[in-house]
Amino acid sequence: MNKSKIAVFNRRTVLAAAGAATAALAAPRILRAQGKELVVGGAASHKNFVETIIAPVVEKKFSCKIVFEGSRSLVNLEKMQKNKDKQYLSVVMMDDPVMIPAVAEGLLDPLTAAKVPNLAMLKPGTIHMDGMWCNYLQPWLGIAYNPKAMKTAPTSWADVYDPKYKGRVILPSLQNTEGLANLFMASFLATGKPMPEAQKDIDAGFKKLVTIKPNLLTAYTQMPQAYNLLEQGEGFMISSAISQVALERKAAGAPVEIAVPKEGIFAMPSGVALVKGGPQPELAAGYINEMIGPEVQAKLSAATYSLPTNKDTPVPAGAPTNATIFGIDWKFVADNRADWVKRWDRDMAM
Amino acid sequence: MTTKSAPSAWRDPVALLAAPAVLYLLVVYAFPLLWLFMKSLTGPGGLTIQPYVSFLSDPFNWRVVGNTLRVAAWVTVVCFVIGYPAAFALARAGAVLQAVMLVSIILPLSVGAVVKAFAWQIVLRRDGIVSQTLVGLGLWDEPQRLLFTETGLVLGAANIFLPFMILPIYSVVKLIDPRLSEAGATLGATPLYRFTHVTLPLTLPGIVSGVAFVFSMSVSMFVIPSLLIGDRFQTLATLTGRSFLLMRNEQLGSTTAVILLVLAVSIVVGSTWLARRIGGSQT
């Protein structure tokens, strides 16, 4: 089903480029799709919720067809770069760190309240760089733990530094997006500054972070490995863990829980943006508007174990309600990440 | 060992048989390699050796080079110590047993490195079989973890690369006439003398290719260290992978790749030359 959609779409572009539309069998579907087909680029992992939650709502409302191309954030960026003069994507869903180069290269059109009225309903801090993109979900970062190995749940980000967990703590590598949270939290714990300032004090963060080394089982780059270690009880905690991943493992029956530390949780980036020069600008704005509207938000946040970004949408069952949510300054991250990874290699080496 | 045959190998028509392989390697290996090399030498302002200077002037990178070579050397040693006698057992076994042994050596190759690395993760755990055995034997006072240690990495990698040590040695041992050693014995040579002066030199070509295989594979392994030791132990291969995949820094990636290649090739060629010399002087 999905394959045939993509096949039709590919044929369409090929034919359009050749300037000939004589493929007899495919013609009726091509003609119908020509006016009202919206191509959305996103990550492969988005495919399920786009097609089962977002697409039905948008297709019904605008009587159009959504074609979802799932790959990776960086691949979407490349697709936009290569087709700069003749875009075929109208909407992109990418991680915030990848939005920054897309903005810098002028590949995105800003979202405005006129085009996307539901922007007014978004929580503070979820619209970035003057509306170049917004967050449609907030998967959150807490501490995942194995309840069989740890009788009491961790309550603070400082717990992972406790000497009684020697060799039992798993961290994401700093090359993984979720790994950044530990660096910022280390600085927050060490300096006591508010998070927006603390996340700029990277030196303090590293000085605190190295003290975790005796407790460190490993720093992973492959997430399934980390969960494997946690579920087998070799590791007790993953700091920090993505809610979506941890709660999916829990739902599958694995001994995994995710704790909301008292200091707060981090919001992970899930951005959506308009492609500049995309073939369907109005439909694209409508898609984004529905995505952040109450109906889709409620279903989407429950299905992905994430926080909604629409402030009127209730937090789904099992998600933290009153926790402080820390945002991440992705521009600052993009400008400095290579240096941080370099320092991480040196400071955290065994 | 050093055959002084065919005065002009170039005019030998048999050499033409290598043409498909040569063509293939030129296209898929030599040209891309050249391109990689040029990439590492091309800066924003044209030709430069700056990437090499800045890489080699950083003491941390020397540690990375040290990690890479040390682990590869240990893996090669472990494979040799286990593989050399195994190759003899294989070559001298009866037909049925030999078939069983060959299958059990070759079949695990079809299980990918990722699966094996995951299996080792279970074996090397604190409550894994290695730890429990050592505690049971009284060698360790309490269970310890080998996972995410250099020892664990060497053990896991040696397991994965072992067939590449056994098979080349086996193919040479198979061809040795057992009567040579017996002849030595009739002339009064002790078993040790016979081994060091007859058997070992004869198996040297097998050892050389086994060592070259295992060393060059373990010096450049990427998946195995990332699963068995993690992000805290960088090697040239993991640094190269990260430069291309994460940092999108093609210049750094091609620089480390070229350094890795030069080191691996010079060590393999150097040790081959040395082994041939030693072998030659003994025969």
# chains A, B, ... in the order shown; residues from 1 in each chain; ligands from 1
$ residues_around --residues "segment 208-224 of chain A" --least-positions-apart "3" --cutoff "7 Å" --atoms "only C-alpha atoms" --output "ChimeraX atom specification"
/A:161,163,165-173,176,183,186-187,190,204-205,227-228,235,347-348 /B:148,230-232
$ select_by_dssp --residues "segment 203-320 of chain A" --states "alpha helix (DSSP H)" --output "VMD selection string"
chain A and resid 203 to 209 223 to 232 243 to 251 281 to 291 294 to 303
$ write_last_selection --atoms "N, CA and C atoms" --output "short mmCIF file (atom, residue, chain, number, x, y, z; two decimals), in the first residue's frame"
data_model
loop_
_atom_site.label_atom_id
_atom_site.label_comp_id
_atom_site.auth_asym_id
_atom_site.auth_seq_id
_atom_site.Cartn_x
_atom_site.Cartn_y
_atom_site.Cartn_z
N ASP A 203 32.41 24.13 30.89
CA ASP A 203 33.61 23.73 31.62
C ASP A 203 33.24 23.13 32.98
N ALA A 204 32.34 23.82 33.68
CA ALA A 204 31.88 23.31 34.98
C ALA A 204 31.18 21.96 34.78
N GLY A 205 30.44 21.84 33.68
CA GLY A 205 29.75 20.59 33.40
C GLY A 205 30.71 19.43 33.24
N PHE A 206 31.77 19.64 32.48
CA PHE A 206 32.75 18.57 32.28
C PHE A 206 33.45 18.20 33.58
N LYS A 207 33.78 19.23 34.39
CA LYS A 207 34.50 18.95 35.64
C LYS A 207 33.66 18.07 36.56
N LYS A 208 32.34 18.30 36.54
CA LYS A 208 31.45 17.47 37.36
C LYS A 208 31.27 16.08 36.70
N LEU A 209 31.10 16.08 35.40
CA LEU A 209 30.80 14.84 34.70
C LEU A 209 31.91 13.79 34.86
N MET A 223 21.75 2.52 21.09
CA MET A 223 20.79 2.49 22.20
C MET A 223 20.28 1.09 22.55
N PRO A 224 20.03 0.20 21.58
CA PRO A 224 19.54 -1.13 21.98
C PRO A 224 20.49 -1.83 22.94
N GLN A 225 21.79 -1.58 22.77
CA GLN A 225 22.76 -2.20 23.67
C GLN A 225 22.54 -1.72 25.10
N ALA A 226 22.28 -0.43 25.27
CA ALA A 226 22.09 0.13 26.60
C ALA A 226 20.89 -0.53 27.29
N TYR A 227 19.80 -0.70 26.53
CA TYR A 227 18.60 -1.32 27.12
C TYR A 227 18.82 -2.79 27.42
N ASN A 228 19.60 -3.44 26.57
CA ASN A 228 19.96 -4.82 26.81
C ASN A 228 20.67 -4.96 28.17
N LEU A 229 21.66 -4.08 28.41
CA LEU A 229 22.40 -4.12 29.67
C LEU A 229 21.50 -3.81 30.86
N LEU A 230 20.61 -2.86 30.67
CA LEU A 230 19.72 -2.45 31.76
C LEU A 230 18.76 -3.58 32.11
N GLU A 231 18.18 -4.18 31.08
CA GLU A 231 17.16 -5.21 31.32
C GLU A 231 17.77 -6.48 31.90
N GLN A 232 19.05 -6.73 31.57
CA GLN A 232 19.71 -7.91 32.13
C GLN A 232 20.20 -7.66 33.56
N SER A 243 12.00 9.12 26.95
CA SER A 243 10.74 8.56 27.46
C SER A 243 10.12 7.56 26.49
N GLN A 244 10.12 7.93 25.23
CA GLN A 244 9.47 7.10 24.23
C GLN A 244 10.07 5.69 24.19
N VAL A 245 11.40 5.63 24.25
CA VAL A 245 12.09 4.35 24.16
C VAL A 245 11.88 3.54 25.44
N ALA A 246 12.09 4.19 26.58
CA ALA A 246 11.98 3.48 27.86
C ALA A 246 10.56 2.96 28.07
N LEU A 247 9.56 3.79 27.77
CA LEU A 247 8.18 3.37 28.04
C LEU A 247 7.69 2.33 27.03
N GLU A 248 8.25 2.36 25.85
CA GLU A 248 7.92 1.29 24.90
C GLU A 248 8.46 -0.05 25.39
N ARG A 249 9.67 -0.03 25.96
CA ARG A 249 10.24 -1.27 26.52
C ARG A 249 9.40 -1.75 27.70
N LYS A 250 8.98 -0.81 28.53
CA LYS A 250 8.14 -1.17 29.68
C LYS A 250 6.83 -1.79 29.19
N ALA A 251 6.23 -1.16 28.19
CA ALA A 251 4.96 -1.67 27.67
C ALA A 251 5.13 -3.06 27.08
N PRO A 281 2.13 25.10 -0.53
CA PRO A 281 2.32 25.89 0.70
C PRO A 281 1.09 25.95 1.60
N GLU A 282 -0.10 26.11 1.02
CA GLU A 282 -1.28 26.23 1.89
C GLU A 282 -1.60 24.93 2.59
N LEU A 283 -1.54 23.85 1.81
CA LEU A 283 -1.81 22.53 2.38
C LEU A 283 -0.78 22.20 3.47
N ALA A 284 0.47 22.60 3.21
CA ALA A 284 1.54 22.34 4.18
C ALA A 284 1.25 23.06 5.48
N ALA A 285 0.82 24.32 5.39
CA ALA A 285 0.49 25.08 6.60
C ALA A 285 -0.69 24.42 7.31
N GLY A 286 -1.66 23.92 6.54
CA GLY A 286 -2.80 23.24 7.13
C GLY A 286 -2.39 21.97 7.86
N TYR A 287 -1.47 21.25 7.27
CA TYR A 287 -0.95 20.01 7.89
C TYR A 287 -0.32 20.33 9.25
N ILE A 288 0.54 21.36 9.26
CA ILE A 288 1.22 21.73 10.52
C ILE A 288 0.19 22.23 11.53
N ASN A 289 -0.77 22.98 11.06
CA ASN A 289 -1.81 23.51 11.96
C ASN A 289 -2.57 22.36 12.64
N GLU A 290 -2.92 21.35 11.86
CA GLU A 290 -3.62 20.19 12.44
C GLU A 290 -2.73 19.42 13.41
N MET A 291 -1.47 19.33 13.02
CA MET A 291 -0.51 18.57 13.83
C MET A 291 -0.40 19.12 15.26
N PRO A 294 -5.59 20.44 18.91
CA PRO A 294 -5.92 19.59 20.06
C PRO A 294 -6.19 18.13 19.71
N GLU A 295 -6.87 17.86 18.61
CA GLU A 295 -7.26 16.48 18.32
C GLU A 295 -6.03 15.59 18.08
N VAL A 296 -5.17 16.04 17.17
CA VAL A 296 -3.98 15.25 16.85
C VAL A 296 -3.03 15.21 18.05
N GLN A 297 -2.86 16.33 18.73
CA GLN A 297 -1.94 16.39 19.87
C GLN A 297 -2.26 15.34 20.94
N ALA A 298 -3.53 15.19 21.25
CA ALA A 298 -3.91 14.24 22.31
C ALA A 298 -3.54 12.82 21.89
N LYS A 299 -3.87 12.47 20.65
CA LYS A 299 -3.58 11.11 20.19
C LYS A 299 -2.08 10.87 20.05
N LEU A 300 -1.42 11.88 19.51
CA LEU A 300 0.01 11.75 19.21
C LEU A 300 0.84 11.60 20.49
N SER A 301 0.52 12.42 21.50
CA SER A 301 1.35 12.37 22.71
C SER A 301 1.15 11.05 23.44
N ALA A 302 -0.08 10.51 23.41
CA ALA A 302 -0.32 9.23 24.08
C ALA A 302 0.41 8.11 23.34
N ALA A 303 0.33 8.13 22.01
CA ALA A 303 0.92 7.04 21.24
C ALA A 303 2.45 7.05 21.29
#
$ atom_distance --atom1 "atom CA of Ser239 of chain A" --atom2 "atom CA of Leu174 of chain A"
11.9 Å
$ interface_residues --of "chain B" --to "chain A" --cutoff "10 Å" --atoms "only C-alpha atoms" --output "MDAnalysis selection string"
chainID B and resid 60:61 63 118 121:122 125:128 145 147:150 226:234 239 242:243 246:249
$ select_by_dssp --residues "segment 18-161 of chain B" --states "strand (DSSP E)" --output "VMD selection string"
chain B and resid 42 to 43 46 to 47
$ closest_residue --among "A:Ala254, A:Val315, A:Ile265, A:Leu89" --to "Pro147 of chain A" --atoms "only C-alpha atoms"
A:Ala254
$ atom_distance --atom1 "atom CA of Val58 of chain A" --atom2 "atom CA of Asn135 of chain A"
18.0 Å
$ atom_distance --atom1 "atom CA of Thr126 of chain A" --atom2 "atom CA of Asp96 of chain A"
10.5 Å
$ residues_around --residues "Gly184 of chain B" --least-positions-apart "3" --cutoff "10 Å" --atoms "only C-alpha atoms" --output "PDB file with N, CA and C atoms, in the first residue's frame"
ATOM      1  N   ARG B 179      56.903 -37.015   7.158  1.00  0.00           N
ATOM      2  CA  ARG B 179      58.144 -37.806   7.214  1.00  0.00           C
ATOM      3  C   ARG B 179      59.369 -36.923   7.444  1.00  0.00           C
ATOM      4  N   LEU B 180      59.227 -35.623   7.117  1.00  0.00           N
ATOM      5  CA  LEU B 180      60.365 -34.717   7.327  1.00  0.00           C
ATOM      6  C   LEU B 180      60.765 -34.671   8.792  1.00  0.00           C
ATOM      7  N   SER B 181      59.742 -34.563   9.639  1.00  0.00           N
ATOM      8  CA  SER B 181      60.016 -34.515  11.059  1.00  0.00           C
ATOM      9  C   SER B 181      60.567 -35.853  11.540  1.00  0.00           C
ATOM     10  N   LEU B 187      67.686 -38.781  12.751  1.00  0.00           N
ATOM     11  CA  LEU B 187      69.028 -38.195  12.800  1.00  0.00           C
ATOM     12  C   LEU B 187      69.373 -37.677  14.188  1.00  0.00           C
ATOM     13  N   GLY B 188      68.454 -37.946  15.155  1.00  0.00           N
ATOM     14  CA  GLY B 188      68.767 -37.625  16.544  1.00  0.00           C
ATOM     15  C   GLY B 188      68.315 -36.267  17.014  1.00  0.00           C
ATOM     16  N   ALA B 189      67.454 -35.561  16.243  1.00  0.00           N
ATOM     17  CA  ALA B 189      66.983 -34.256  16.695  1.00  0.00           C
ATOM     18  C   ALA B 189      65.915 -34.410  17.770  1.00  0.00           C
ATOM     19  N   THR B 190      66.003 -33.580  18.781  1.00  0.00           N
ATOM     20  CA  THR B 190      64.988 -33.620  19.846  1.00  0.00           C
ATOM     21  C   THR B 190      63.681 -33.054  19.295  1.00  0.00           C
ATOM     22  N   PRO B 191      62.535 -33.362  19.960  1.00  0.00           N
ATOM     23  CA  PRO B 191      61.260 -32.816  19.475  1.00  0.00           C
ATOM     24  C   PRO B 191      61.290 -31.292  19.357  1.00  0.00           C
ATOM     25  N   TYR B 193      63.885 -29.316  18.882  1.00  0.00           N
ATOM     26  CA  TYR B 193      64.751 -28.938  17.765  1.00  0.00           C
ATOM     27  C   TYR B 193      64.027 -29.169  16.442  1.00  0.00           C
ATOM     28  N   ARG B 194      63.315 -30.305  16.373  1.00  0.00           N
ATOM     29  CA  ARG B 194      62.575 -30.608  15.150  1.00  0.00           C
ATOM     30  C   ARG B 194      61.498 -29.570  14.894  1.00  0.00           C
ATOM     31  N   PHE B 195      60.849 -29.128  15.991  1.00  0.00           N
ATOM     32  CA  PHE B 195      59.791 -28.127  15.825  1.00  0.00           C
ATOM     33  C   PHE B 195      60.387 -26.797  15.354  1.00  0.00           C
ATOM     34  N   HIS B 197      63.301 -26.139  13.997  1.00  0.00           N
ATOM     35  CA  HIS B 197      64.126 -26.146  12.793  1.00  0.00           C
ATOM     36  C   HIS B 197      63.479 -26.787  11.578  1.00  0.00           C
ATOM     37  N   VAL B 198      62.404 -27.552  11.775  1.00  0.00           N
ATOM     38  CA  VAL B 198      61.745 -28.171  10.621  1.00  0.00           C
ATOM     39  C   VAL B 198      60.315 -27.644  10.459  1.00  0.00           C
TER      40      VAL B 198
END
$ residues_around --residues "Lys116 of chain B" --least-positions-apart "2" --cutoff "10 Å" --atoms "only C-alpha atoms" --output "number ranges by chain"
B: 108-109, 111-114, 118-121, 156-157, 159-160, 224
$ residues_around --residues "Val269 of chain B" --least-positions-apart "3" --cutoff "12 Å" --atoms "only C-alpha atoms" --output "ChimeraX atom specification"
/B:208-209,211-213,215-216,261-266,272-276
$ write_last_selection --atoms "N, CA and C atoms" --output "compact mmCIF listing (two decimals), in the first residue's frame"
# COMPACT_ATOMS: atom_id res chain seq x y z
N VAL B 208 52.50 -16.17 8.44
CA VAL B 208 52.57 -14.81 7.91
C VAL B 208 51.21 -14.36 7.38
N SER B 209 50.56 -15.24 6.61
CA SER B 209 49.27 -14.76 6.08
C SER B 209 48.20 -14.73 7.16
N VAL B 211 48.68 -14.02 10.36
CA VAL B 211 48.94 -12.82 11.14
C VAL B 211 48.51 -11.56 10.36
N ALA B 212 48.82 -11.57 9.07
CA ALA B 212 48.45 -10.40 8.25
C ALA B 212 46.94 -10.22 8.22
N PHE B 213 46.22 -11.33 8.04
CA PHE B 213 44.76 -11.27 8.04
C PHE B 213 44.23 -10.70 9.36
N PHE B 215 45.71 -9.30 11.96
CA PHE B 215 46.15 -7.98 12.38
C PHE B 215 45.43 -6.88 11.61
N SER B 216 45.36 -7.05 10.29
CA SER B 216 44.76 -5.94 9.54
C SER B 216 43.26 -5.85 9.77
N LEU B 261 45.70 3.21 7.58
CA LEU B 261 46.10 2.36 6.47
C LEU B 261 47.62 2.26 6.40
N VAL B 262 48.29 3.40 6.53
CA VAL B 262 49.75 3.40 6.45
C VAL B 262 50.34 2.56 7.57
N LEU B 263 49.81 2.73 8.80
CA LEU B 263 50.31 1.95 9.93
C LEU B 263 50.09 0.46 9.70
N ALA B 264 48.88 0.10 9.29
CA ALA B 264 48.55 -1.32 9.13
C ALA B 264 49.40 -1.94 8.04
N VAL B 265 49.51 -1.25 6.91
CA VAL B 265 50.27 -1.81 5.79
C VAL B 265 51.74 -1.93 6.17
N SER B 266 52.29 -0.90 6.83
CA SER B 266 53.73 -0.99 7.12
C SER B 266 54.01 -2.07 8.15
N THR B 272 56.09 -9.34 7.68
CA THR B 272 56.25 -10.38 6.67
C THR B 272 57.71 -10.47 6.25
N TRP B 273 58.28 -9.33 6.01
CA TRP B 273 59.69 -9.28 5.58
C TRP B 273 60.60 -9.88 6.66
N LEU B 274 60.30 -9.50 7.91
CA LEU B 274 61.10 -10.00 9.03
C LEU B 274 60.97 -11.52 9.15
N ALA B 275 59.72 -11.99 9.05
CA ALA B 275 59.48 -13.43 9.18
C ALA B 275 60.20 -14.19 8.08
N ARG B 276 60.15 -13.65 6.86
CA ARG B 276 60.82 -14.31 5.75
C ARG B 276 62.32 -14.38 5.99
$ residues_around --residues "Ala86 of chain B" --least-positions-apart "5" --cutoff "12 Å" --atoms "only C-alpha atoms" --output "NGL selection string"
:B and (79-81 or 91-93 or 98 or 101-102 or 105 or 162-163 or 165-170 or 173)
$ decode --residues "segment 333-348 of chain A" --atoms "N, CA and C atoms" --output "PDB file, in the first residue's frame"
ATOM      1  N   VAL A 333      24.351  24.552  20.840  1.00  0.00           N
ATOM      2  CA  VAL A 333      24.832  23.175  20.679  1.00  0.00           C
ATOM      3  C   VAL A 333      25.494  23.016  19.311  1.00  0.00           C
ATOM      4  N   ALA A 334      24.791  23.482  18.266  1.00  0.00           N
ATOM      5  CA  ALA A 334      25.313  23.309  16.907  1.00  0.00           C
ATOM      6  C   ALA A 334      26.674  23.983  16.755  1.00  0.00           C
ATOM      7  N   ASP A 335      26.829  25.152  17.395  1.00  0.00           N
ATOM      8  CA  ASP A 335      28.080  25.893  17.251  1.00  0.00           C
ATOM      9  C   ASP A 335      29.247  25.237  17.988  1.00  0.00           C
ATOM     10  N   ASN A 336      28.946  24.458  19.033  1.00  0.00           N
ATOM     11  CA  ASN A 336      30.021  23.985  19.908  1.00  0.00           C
ATOM     12  C   ASN A 336      30.183  22.473  20.002  1.00  0.00           C
ATOM     13  N   ARG A 337      29.273  21.743  19.403  1.00  0.00           N
ATOM     14  CA  ARG A 337      29.230  20.308  19.668  1.00  0.00           C
ATOM     15  C   ARG A 337      30.531  19.590  19.336  1.00  0.00           C
ATOM     16  N   ALA A 338      31.150  19.942  18.203  1.00  0.00           N
ATOM     17  CA  ALA A 338      32.375  19.232  17.802  1.00  0.00           C
ATOM     18  C   ALA A 338      33.444  19.357  18.894  1.00  0.00           C
ATOM     19  N   ASP A 339      33.566  20.547  19.478  1.00  0.00           N
ATOM     20  CA  ASP A 339      34.556  20.743  20.546  1.00  0.00           C
ATOM     21  C   ASP A 339      34.198  19.942  21.790  1.00  0.00           C
ATOM     22  N   TRP A 340      32.902  19.883  22.088  1.00  0.00           N
ATOM     23  CA  TRP A 340      32.476  19.123  23.275  1.00  0.00           C
ATOM     24  C   TRP A 340      32.774  17.638  23.095  1.00  0.00           C
ATOM     25  N   VAL A 341      32.497  17.125  21.909  1.00  0.00           N
ATOM     26  CA  VAL A 341      32.744  15.698  21.664  1.00  0.00           C
ATOM     27  C   VAL A 341      34.240  15.414  21.808  1.00  0.00           C
ATOM     28  N   LYS A 342      35.040  16.354  21.324  1.00  0.00           N
ATOM     29  CA  LYS A 342      36.494  16.215  21.430  1.00  0.00           C
ATOM     30  C   LYS A 342      36.917  16.161  22.907  1.00  0.00           C
ATOM     31  N   ARG A 343      36.350  17.046  23.696  1.00  0.00           N
ATOM     32  CA  ARG A 343      36.701  17.068  25.115  1.00  0.00           C
ATOM     33  C   ARG A 343      36.161  15.824  25.824  1.00  0.00           C
ATOM     34  N   TRP A 344      34.974  15.409  25.450  1.00  0.00           N
ATOM     35  CA  TRP A 344      34.367  14.189  26.018  1.00  0.00           C
ATOM     36  C   TRP A 344      35.307  13.001  25.815  1.00  0.00           C
ATOM     37  N   ASP A 345      35.850  12.853  24.602  1.00  0.00           N
ATOM     38  CA  ASP A 345      36.780  11.757  24.302  1.00  0.00           C
ATOM     39  C   ASP A 345      37.952  11.765  25.276  1.00  0.00           C
ATOM     40  N   ARG A 346      38.488  12.953  25.495  1.00  0.00           N
ATOM     41  CA  ARG A 346      39.669  13.055  26.343  1.00  0.00           C
ATOM     42  C   ARG A 346      39.330  12.857  27.810  1.00  0.00           C
ATOM     43  N   ASP A 347      38.291  13.548  28.274  1.00  0.00           N
ATOM     44  CA  ASP A 347      37.973  13.524  29.700  1.00  0.00           C
ATOM     45  C   ASP A 347      37.365  12.201  30.143  1.00  0.00           C
ATOM     46  N   MET A 348      36.590  11.578  29.287  1.00  0.00           N
ATOM     47  CA  MET A 348      35.864  10.385  29.719  1.00  0.00           C
ATOM     48  C   MET A 348      36.598   9.089  29.341  1.00  0.00           C
TER      49      MET A 348
END
